[in-house]
file input.cif (mmCIF, C-alpha atoms)
data_coords
loop_
_atom_site.label_atom_id
_atom_site.label_comp_id
_atom_site.auth_asym_id
_atom_site.auth_seq_id
_atom_site.Cartn_x
_atom_site.Cartn_y
_atom_site.Cartn_z
CA MET A 205 21.57 -142.18 -19.78
CA LYS A 206 21.46 -145.93 -19.25
CA ILE A 207 17.93 -147.28 -19.59
CA CYS A 208 16.36 -150.67 -18.95
CA ILE A 209 13.55 -151.89 -21.16
CA PRO A 210 11.64 -155.06 -20.17
CA SER A 211 11.72 -157.31 -23.24
CA MET A 212 10.11 -160.49 -24.51
CA ASP A 213 13.26 -161.76 -26.27
CA ASP A 214 17.01 -161.20 -26.48
CA GLN A 215 17.21 -159.58 -29.92
CA GLY A 216 18.71 -156.25 -28.80
CA LEU A 217 17.16 -153.17 -30.43
CA GLU A 218 14.76 -155.39 -32.39
CA SER A 219 13.38 -157.04 -29.23
CA THR A 220 9.67 -156.82 -28.56
CA VAL A 221 8.91 -154.80 -25.46
CA SER A 222 7.11 -156.64 -22.67
CA ASP A 223 3.92 -154.97 -21.49
CA HIS A 224 4.79 -155.64 -17.83
CA PHE A 225 8.08 -155.05 -16.04
CA GLY A 226 7.94 -157.95 -13.55
CA ARG A 227 7.02 -160.63 -16.09
CA ALA A 228 9.53 -159.73 -18.80
CA PRO A 229 11.89 -162.61 -19.61
CA TYR A 230 14.71 -160.14 -20.36
CA PHE A 231 15.85 -156.64 -19.55
CA THR A 232 17.47 -154.88 -22.50
CA LEU A 233 19.89 -152.24 -21.22
CA VAL A 234 20.73 -149.39 -23.60
CA ASP A 235 23.11 -146.48 -23.17
CA THR A 236 21.27 -143.68 -24.98
CA GLU A 237 24.49 -141.76 -25.63
CA THR A 238 26.54 -144.60 -27.16
CA ASP A 239 23.68 -146.95 -28.25
CA GLN A 240 25.55 -149.82 -26.55
CA VAL A 241 23.14 -152.69 -25.84
CA ASP A 242 23.41 -155.30 -23.08
CA ILE A 243 20.84 -158.03 -22.48
CA MET A 244 20.14 -159.35 -18.99
CA PRO A 245 17.83 -162.27 -18.24
CA ASN A 246 15.21 -161.25 -15.68
CA PRO A 247 16.43 -163.05 -12.54
CA ASP A 248 12.90 -163.18 -11.10
CA CYS A 249 10.89 -164.01 -14.21
CA HIS A 250 10.34 -167.66 -13.32
CA ALA A 251 10.27 -167.20 -9.54
CA GLY A 252 6.48 -167.33 -9.56
CA GLY A 253 4.05 -164.61 -8.69
CA HIS A 254 3.67 -161.42 -10.61
CA GLY A 255 6.77 -159.45 -9.80
CA HIS A 256 5.31 -158.16 -6.55
CA GLY A 257 6.93 -158.31 -3.16
CA GLN A 258 10.32 -159.93 -3.03
CA GLY A 259 10.89 -159.83 -6.80
CA SER A 260 10.54 -156.07 -6.90
CA CYS A 261 13.38 -155.63 -4.41
CA HIS A 262 15.63 -157.93 -6.44
CA HIS A 263 15.00 -155.96 -9.63
CA SER A 264 16.14 -152.67 -8.15
CA GLY A 265 19.31 -154.22 -6.74
CA HIS A 266 20.26 -155.89 -10.03
CA LEU A 267 19.56 -152.75 -12.02
CA LYS A 268 21.35 -150.43 -9.60
CA ALA A 269 24.41 -152.71 -9.78
CA ARG A 270 24.36 -152.23 -13.56
CA LYS A 271 24.18 -148.44 -13.13
CA VAL A 272 20.75 -148.12 -14.72
CA ASP A 273 19.38 -144.56 -14.58
CA ALA A 274 15.82 -145.30 -15.72
CA VAL A 275 13.39 -148.10 -16.55
CA VAL A 276 11.06 -147.53 -19.49
CA THR A 277 7.97 -149.73 -19.36
CA GLY A 278 4.36 -150.09 -20.39
CA GLY A 279 3.28 -151.17 -16.91
CA MET A 280 4.39 -152.25 -13.46
CA GLY A 281 3.03 -152.72 -9.98
CA ARG A 282 3.12 -150.24 -7.13
CA GLY A 283 5.80 -152.20 -5.24
CA ALA A 284 8.16 -152.23 -8.22
CA LEU A 285 7.68 -148.50 -8.77
CA ALA A 286 8.38 -147.75 -5.11
CA GLY A 287 11.44 -150.04 -5.03
CA LEU A 288 12.94 -148.52 -8.15
CA ASN A 289 12.26 -144.97 -6.96
CA GLN A 290 13.86 -145.76 -3.59
CA ALA A 291 16.93 -147.06 -5.44
CA GLY A 292 17.16 -143.76 -7.32
CA ILE A 293 16.04 -145.30 -10.62
CA ARG A 294 13.62 -143.17 -12.60
CA VAL A 295 10.61 -144.94 -14.13
CA LEU A 296 9.28 -143.78 -17.50
CA VAL A 297 6.31 -144.95 -19.52
CA ALA A 298 6.17 -145.18 -23.30
CA SER A 299 3.98 -146.87 -25.87
CA PRO A 300 5.02 -150.49 -26.44
CA GLY A 301 6.75 -151.59 -29.63
CA THR A 302 10.37 -152.51 -30.16
CA VAL A 303 13.30 -151.59 -27.97
CA ALA A 304 14.53 -149.26 -30.75
CA GLU A 305 11.19 -147.39 -30.68
CA ILE A 306 11.41 -147.00 -26.91
CA VAL A 307 14.99 -145.71 -27.17
CA ARG A 308 13.79 -143.12 -29.70
CA SER A 309 10.99 -142.03 -27.34
CA VAL A 310 13.53 -141.46 -24.56
CA LYS A 311 15.86 -139.56 -26.86
CA ASP A 312 13.11 -137.34 -28.27
CA GLY A 313 11.50 -136.73 -24.87
CA THR A 314 8.12 -138.38 -25.50
CA ALA A 315 8.62 -141.00 -22.76
CA ARG A 316 7.28 -139.55 -19.54
CA ASP A 317 7.47 -140.30 -15.83
CA LEU A 318 5.26 -143.13 -14.60
CA GLN A 319 2.92 -141.71 -11.96
CA ALA A 320 1.59 -143.70 -8.99
CA GLU A 321 -1.98 -143.55 -10.33
CA MET A 322 -0.81 -145.27 -13.53
CA VAL A 323 0.48 -148.49 -11.90
CA CYS A 324 -1.14 -151.92 -12.00
CA GLY A 325 -3.59 -152.64 -9.25
CA GLY A 326 -2.74 -156.35 -9.04
CA GLY A 327 -5.20 -159.19 -9.14
CA GLY A 328 -4.67 -159.95 -12.81
CA GLY A 329 -7.04 -157.31 -14.15
CA HIS A 330 -4.38 -155.23 -15.85
CA ARG A 331 -5.15 -152.46 -18.26
CA HIS A 332 -1.70 -151.48 -19.45
CA GLY A 333 -1.40 -148.52 -21.69
CA ARG A 334 -4.57 -146.83 -20.47
CA HIS A 335 -2.59 -143.66 -19.73
CA LEU A 336 -0.34 -143.72 -22.80
#
call {"tool": "encode", "arguments": {"input": "input.cif", "output": "structure tokens"}}
result
Amino acid sequence: MKICIPSMDDQGLESTVSDHFGRAPYFTLVDTETDQVDIMPNPDCHAGGHGHGQGSCHHSGHLKARKVDAVVTGGMGRGALAGLNQAGIRVLVASPGTVAEIVRSVKDGTARDLQAEMVCGGGGGHRHGRHL
């Protein structure tokens, strides 16, 4: 499975996981079968806003082009979740830490599907991790 983990830096498996998909400076892509790592700058990170609206559509297109099967995150907005689901990309939630810790949670099955009631409500009052 090829997964995408929103990351704060470009340090591969040692990268710190971003607590919000749309604001992550990087996406760390990991093939869970081969452990191959690829780092992709978030094309919409500095586009302004909070990853809602137009940015959400761009994310799904970029990730689908890279054959990503799932995104593993600590939080995202409703629009991003809908866009990724429409693109056939599964969205999982796992406790934040390093990319390596997230990869382990996917491999051992502790990462679980992000449900609609777990998404950010917008407006800046985020409470990421409340369902983890």
call {"tool": "closest_residue", "arguments": {"input": "input.cif", "among": "A:Asp235, A:Asp213, A:Asp312, A:Asp317", "to": "A:Val297", "atoms": "all atoms listed in the file"}}
result
A:Asp317
call {"tool": "residues_around", "arguments": {"input": "input.cif", "residues": "A:Cys208", "least_positions_apart": "2", "cutoff": "7 Å", "atoms": "all atoms listed in the file", "output": "PDB file with C-alpha atoms, in the coordinates of the input"}}
result
ATOM      1  CA  LYS A 206      21.460-145.930 -19.250  1.00  0.00           C
ATOM      2  CA  PRO A 210      11.640-155.060 -20.170  1.00  0.00           C
ATOM      3  CA  PHE A 231      15.850-156.640 -19.550  1.00  0.00           C
ATOM      4  CA  THR A 232      17.470-154.880 -22.500  1.00  0.00           C
ATOM      5  CA  LEU A 233      19.890-152.240 -21.220  1.00  0.00           C
ATOM      6  CA  VAL A 234      20.730-149.390 -23.600  1.00  0.00           C
ATOM      7  CA  VAL A 272      20.750-148.120 -14.720  1.00  0.00           C
ATOM      8  CA  ALA A 274      15.820-145.300 -15.720  1.00  0.00           C
ATOM      9  CA  VAL A 275      13.390-148.100 -16.550  1.00  0.00           C
ATOM     10  CA  VAL A 276      11.060-147.530 -19.490  1.00  0.00           C
TER      11      VAL A 276
END
call {"tool": "atom_distance", "arguments": {"input": "input.cif", "atom1": "atom CA of A:Thr302", "atom2": "atom CA of A:Ser219"}}
result
5.5 Å
call {"tool": "residues_around", "arguments": {"input": "input.cif", "residues": "A:Asn289", "least_positions_apart": "5", "cutoff": "12 Å", "atoms": "all atoms listed in the file", "output": "VMD selection string"}}
result
chain A and resid 260 to 261 263 to 265 267 to 268 272 to 275 282 to 284 294 to 296 317 to 320
call {"tool": "resolve_selection", "arguments": {"input": "input.cif", "expression": "the PyMOL selection byres ((chain A and resi 308) around 12)", "output": "PyMOL selection string"}}
result
chain A and resi 207+217+234-237+239+276+298-307+309-315
call {"tool": "closest_residue", "arguments": {"input": "input.cif", "among": "A:Thr238, A:Asn246, A:Gln290, A:Thr277", "to": "A:Val221", "atoms": "all atoms listed in the file"}}
result
A:Thr277
call {"tool": "atom_distance", "arguments": {"input": "input.cif", "atom1": "atom CA of A:Gln240", "atom2": "atom CA of A:Ser211"}}
result
16.1 Å
